[in-house]
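Right, one structure below, let's go through it.
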Amino acid sequence: MVTWNEFVHAADERQIDQLYSKAHIAVKIVDMYNPRILDNIAVIANLASGAYGVYNSGENKKVLPKDVETNLVYYGRIDRRNLDNIPKKTLSQYYPQAANQIKQADTVHVNVRRIMQEMGSDFDAVIEIASTIIHEATHELERETMGTTSEVGPVNAERHFKQWVNQNHQMLAGRFPELQGDVIGPAGTLPPGRV
Ligand SMILES: [Zn+2]
């Protein structure tokens, strides 16, 4: 059973869990690697085609106390929907008193099927899903804290994560025995293309 704290902070990952019974391990590994990296992420959704992952700031949501929201919309002359999309950095420049009361509830997407098809084992697929979540969450974090994002930070974040995985391979395999017994890849039980 998850703790209350884990429950209220957990991102909604139902979409990826439905597609792959081991996807939840990827989220656990991300949390283990960096317990703060998903602080702004409310939803880890599937991506049906294209790249391994996507972060689109157009899906950003902000959670803020009603009075702060009313003040921002009224005095800031901001449309409520635009408020979701304004980077936290910009908001804190103009409304420093509101900034620390605003929480992000943003979405990242992972192309779970593509990763399952292209990886050779459950271990590799789970790590690639985790790495993609880290990549997209880094885009989100950069945009919120710096106002813009590029590929540099997310690619570096993935590289550091994979180094950590290499150094902790045995610990991860021991902690998550489900990573053995492949359902995907050449040794797997799922027919190719039907995952
Ligand atoms: Zn990227």
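If you're wondering about the labels, chains in the structure tokens are A, B, ... by order shown, residues count from 1 in each chain, ligands from 1 in order shown.
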
Checklist entry - Could you list, as a ChimeraX atom specification, all the residues within 9 Å of ligand 1, counting only C-alpha atoms and all ligand atoms? => result /A:53-55,132,135-136,138-139,149-155

Which neighbours of Val43 of chain A fall inside 6 Å, counting only C-alpha atoms, when residues of the same chain fewer than 5 positions from it are skipped, and could you give them as a PDB file with N, CA and C atoms, in the first residue's frame?
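Result file is out_20.pdb:
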```
ATOM      1  N   ALA A  11       1.651  11.213  -9.525  1.00  0.00           N
ATOM      2  CA  ALA A  11       1.076  11.632 -10.798  1.00  0.00           C
ATOM      3  C   ALA A  11       0.100  10.549 -11.260  1.00  0.00           C
ATOM      4  N   ASP A  12      -0.896  10.979 -12.032  1.00  0.00           N
ATOM      5  CA  ASP A  12      -1.848  10.032 -12.604  1.00  0.00           C
ATOM      6  C   ASP A  12      -1.182   9.334 -13.791  1.00  0.00           C
ATOM      7  N   THR A 107       1.437  17.993 -17.530  1.00  0.00           N
ATOM      8  CA  THR A 107       1.319  16.683 -18.171  1.00  0.00           C
ATOM      9  C   THR A 107       2.546  16.394 -19.024  1.00  0.00           C
TER      10      THR A 107
END
```

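The shortest atom-to-atom distance to Pro87 of chain A, with only C-alpha atoms taken into account, belongs to A:Leu141 out of A:Leu141, A:Val110, A:Ile44, A:Val30.
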
Checklist entry - Using only C-alpha atoms, which residue out of A:Phe123, A:Asn166, A:Ile134, A:Ser92 lies closest to Gly181 of chain A? => result A:Phe123

Checklist entry - Just asking: which residues within chain A are alpha helix (DSSP H) according to DSSP, as an MDAnalysis selection string? => result chainID A and resid 4:9 14:19 23:33 66:75 80:85 88:94 96:99 112:118 122:146 152:167 169:175

Segment 19-21 of chain A environment, 9 Å, only C-alpha atoms, sequence neighbours closer than 5 positions dropped, as a PDB file with N, CA and C atoms, in the first residue's frame:
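Full text of result.pdb as output:
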```pdb
ATOM      1  N   ARG A  14      -2.307   6.290 -15.056  1.00  0.00           N
ATOM      2  CA  ARG A  14      -3.171   5.174 -15.462  1.00  0.00           C
ATOM      3  C   ARG A  14      -3.016   4.810 -16.931  1.00  0.00           C
ATOM      4  N   ASN A  46      -0.155   8.734 -22.141  1.00  0.00           N
ATOM      5  CA  ASN A  46       0.412   8.025 -23.279  1.00  0.00           C
ATOM      6  C   ASN A  46       0.572   8.991 -24.460  1.00  0.00           C
ATOM      7  N   VAL A 112       4.653   4.753 -24.974  1.00  0.00           N
ATOM      8  CA  VAL A 112       4.938   3.458 -24.345  1.00  0.00           C
ATOM      9  C   VAL A 112       5.017   2.337 -25.382  1.00  0.00           C
ATOM     10  N   ARG A 113       4.096   2.324 -26.346  1.00  0.00           N
ATOM     11  CA  ARG A 113       4.092   1.238 -27.342  1.00  0.00           C
ATOM     12  C   ARG A 113       5.372   1.248 -28.170  1.00  0.00           C
ATOM     13  N   MET A 116       8.228  -0.042 -26.126  1.00  0.00           N
ATOM     14  CA  MET A 116       8.116  -1.496 -25.944  1.00  0.00           C
ATOM     15  C   MET A 116       8.535  -2.241 -27.207  1.00  0.00           C
ATOM     16  N   VAL A 195       2.219  -5.221 -28.812  1.00  0.00           N
ATOM     17  CA  VAL A 195       2.351  -4.797 -27.430  1.00  0.00           C
ATOM     18  C   VAL A 195       1.672  -3.452 -27.249  1.00  0.00           C
TER      19      VAL A 195
END
```

Who sits within 9 Å of segment 60-77 of chain A, only C-alpha atoms, same chain under 4 positions skipped, as a CSV table (one decimal) with N, CA and C atoms, in the first residue's frame:
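In the end it all went to around-v4.csv:
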```
chain,number,residue,atom,x,y,z
A,42,ALA,N,1.4,16.3,-12.9
A,42,ALA,CA,0.2,15.6,-12.4
A,42,ALA,C,-0.2,14.4,-13.2
A,56,ASN,N,4.1,19.4,-23.8
A,56,ASN,CA,3.5,20.6,-24.5
A,56,ASN,C,2.9,21.5,-23.4
A,81,ARG,N,-7.4,30.9,-18.6
A,81,ARG,CA,-6.7,29.8,-19.4
A,81,ARG,C,-5.3,30.2,-19.7
A,83,LEU,N,-3.5,32.0,-17.7
A,83,LEU,CA,-2.8,31.8,-16.4
A,83,LEU,C,-2.1,30.5,-16.4
A,84,ASP,N,-2.8,29.4,-16.8
A,84,ASP,CA,-2.2,28.1,-16.9
A,84,ASP,C,-0.9,28.0,-17.6
A,85,ASN,N,-0.8,28.9,-18.6
A,85,ASN,CA,0.2,28.8,-19.6
A,85,ASN,C,1.4,29.7,-19.3
A,86,ILE,N,1.2,30.7,-18.5
A,86,ILE,CA,2.3,31.6,-18.2
A,86,ILE,C,3.4,31.0,-17.3
A,94,TYR,N,6.2,39.5,-11.9
A,94,TYR,CA,5.2,40.5,-11.8
A,94,TYR,C,4.4,40.4,-10.5
A,95,TYR,N,4.2,39.2,-10.0
A,95,TYR,CA,3.4,39.0,-8.8
A,95,TYR,C,4.2,38.1,-7.8
A,98,ALA,N,2.4,36.1,-5.1
A,98,ALA,CA,1.5,35.0,-5.5
A,98,ALA,C,2.4,33.7,-5.8
A,101,GLN,N,2.5,30.4,-3.9
A,101,GLN,CA,1.2,29.7,-3.6
A,101,GLN,C,0.7,29.0,-4.9
A,102,ILE,N,1.5,29.1,-5.9
A,102,ILE,CA,1.0,28.4,-7.2
A,102,ILE,C,1.7,27.1,-7.4
A,103,LYS,N,0.9,26.1,-7.7
A,103,LYS,CA,1.5,24.8,-7.9
A,103,LYS,C,1.2,24.4,-9.4
A,104,GLN,N,2.2,23.8,-10.0
A,104,GLN,CA,1.9,23.2,-11.3
A,104,GLN,C,1.3,21.9,-11.3
A,105,ALA,N,0.4,21.6,-12.2
A,105,ALA,CA,-0.2,20.3,-12.3
A,105,ALA,C,-0.1,19.9,-13.8
A,106,ASP,N,1.1,19.7,-14.3
A,106,ASP,CA,1.3,19.6,-15.7
A,106,ASP,C,1.4,18.1,-16.2
A,107,THR,N,1.4,18.0,-17.5
A,107,THR,CA,1.3,16.7,-18.2
A,107,THR,C,2.5,16.4,-19.0
A,140,GLU,N,9.6,20.6,-18.7
A,140,GLU,CA,8.6,21.4,-18.0
A,140,GLU,C,9.3,22.2,-16.9
```

Item to check | Selection near segment 27-29 of chain A, 9 Å with only C-alpha atoms, sequence-local residues under 4 positions removed, as a ChimeraX atom specification | outcome: /A:11,13,23,33-34,126-127,129-130,133,172

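Scanning chain A with DSSP on the backbone, the strand (DSSP E or B) assignments fall on Asp12, Ile41, Ala42, Val43, Ile44, Ala45, Asn46, Gly53, Val54, Tyr55, Lys62, Val63, Lys103, Gln104, Asp106, Thr107, Val108, His109 and Val110 of chain A.
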
May I have the residues from that selection written out with C-alpha atoms, as a PDB file, in the first residue's frame?
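Result file again_1.pdb:
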```
ATOM      1  CA  ASP A  12      -1.848  10.032 -12.604  1.00  0.00           C
ATOM      2  CA  ILE A  41       3.771  16.663 -12.977  1.00  0.00           C
ATOM      3  CA  ALA A  42       0.174  15.636 -12.363  1.00  0.00           C
ATOM      4  CA  VAL A  43      -0.325  13.340 -15.350  1.00  0.00           C
ATOM      5  CA  ILE A  44       1.960  10.904 -17.160  1.00  0.00           C
ATOM      6  CA  ALA A  45      -0.075  10.222 -20.273  1.00  0.00           C
ATOM      7  CA  ASN A  46       0.412   8.025 -23.279  1.00  0.00           C
ATOM      8  CA  GLY A  53       7.915  11.579 -25.463  1.00  0.00           C
ATOM      9  CA  VAL A  54       6.335  15.012 -25.583  1.00  0.00           C
ATOM     10  CA  TYR A  55       5.882  17.911 -23.231  1.00  0.00           C
ATOM     11  CA  LYS A  62      -1.928  25.730 -12.376  1.00  0.00           C
ATOM     12  CA  VAL A  63      -3.425  25.038  -9.006  1.00  0.00           C
ATOM     13  CA  LYS A 103       1.497  24.787  -7.925  1.00  0.00           C
ATOM     14  CA  GLN A 104       1.945  23.249 -11.346  1.00  0.00           C
ATOM     15  CA  ASP A 106       1.343  19.568 -15.717  1.00  0.00           C
ATOM     16  CA  THR A 107       1.319  16.683 -18.171  1.00  0.00           C
ATOM     17  CA  VAL A 108       4.058  14.718 -19.910  1.00  0.00           C
ATOM     18  CA  HIS A 109       3.473  12.061 -22.563  1.00  0.00           C
ATOM     19  CA  VAL A 110       5.405   8.860 -23.172  1.00  0.00           C
TER      20      VAL A 110
END
```
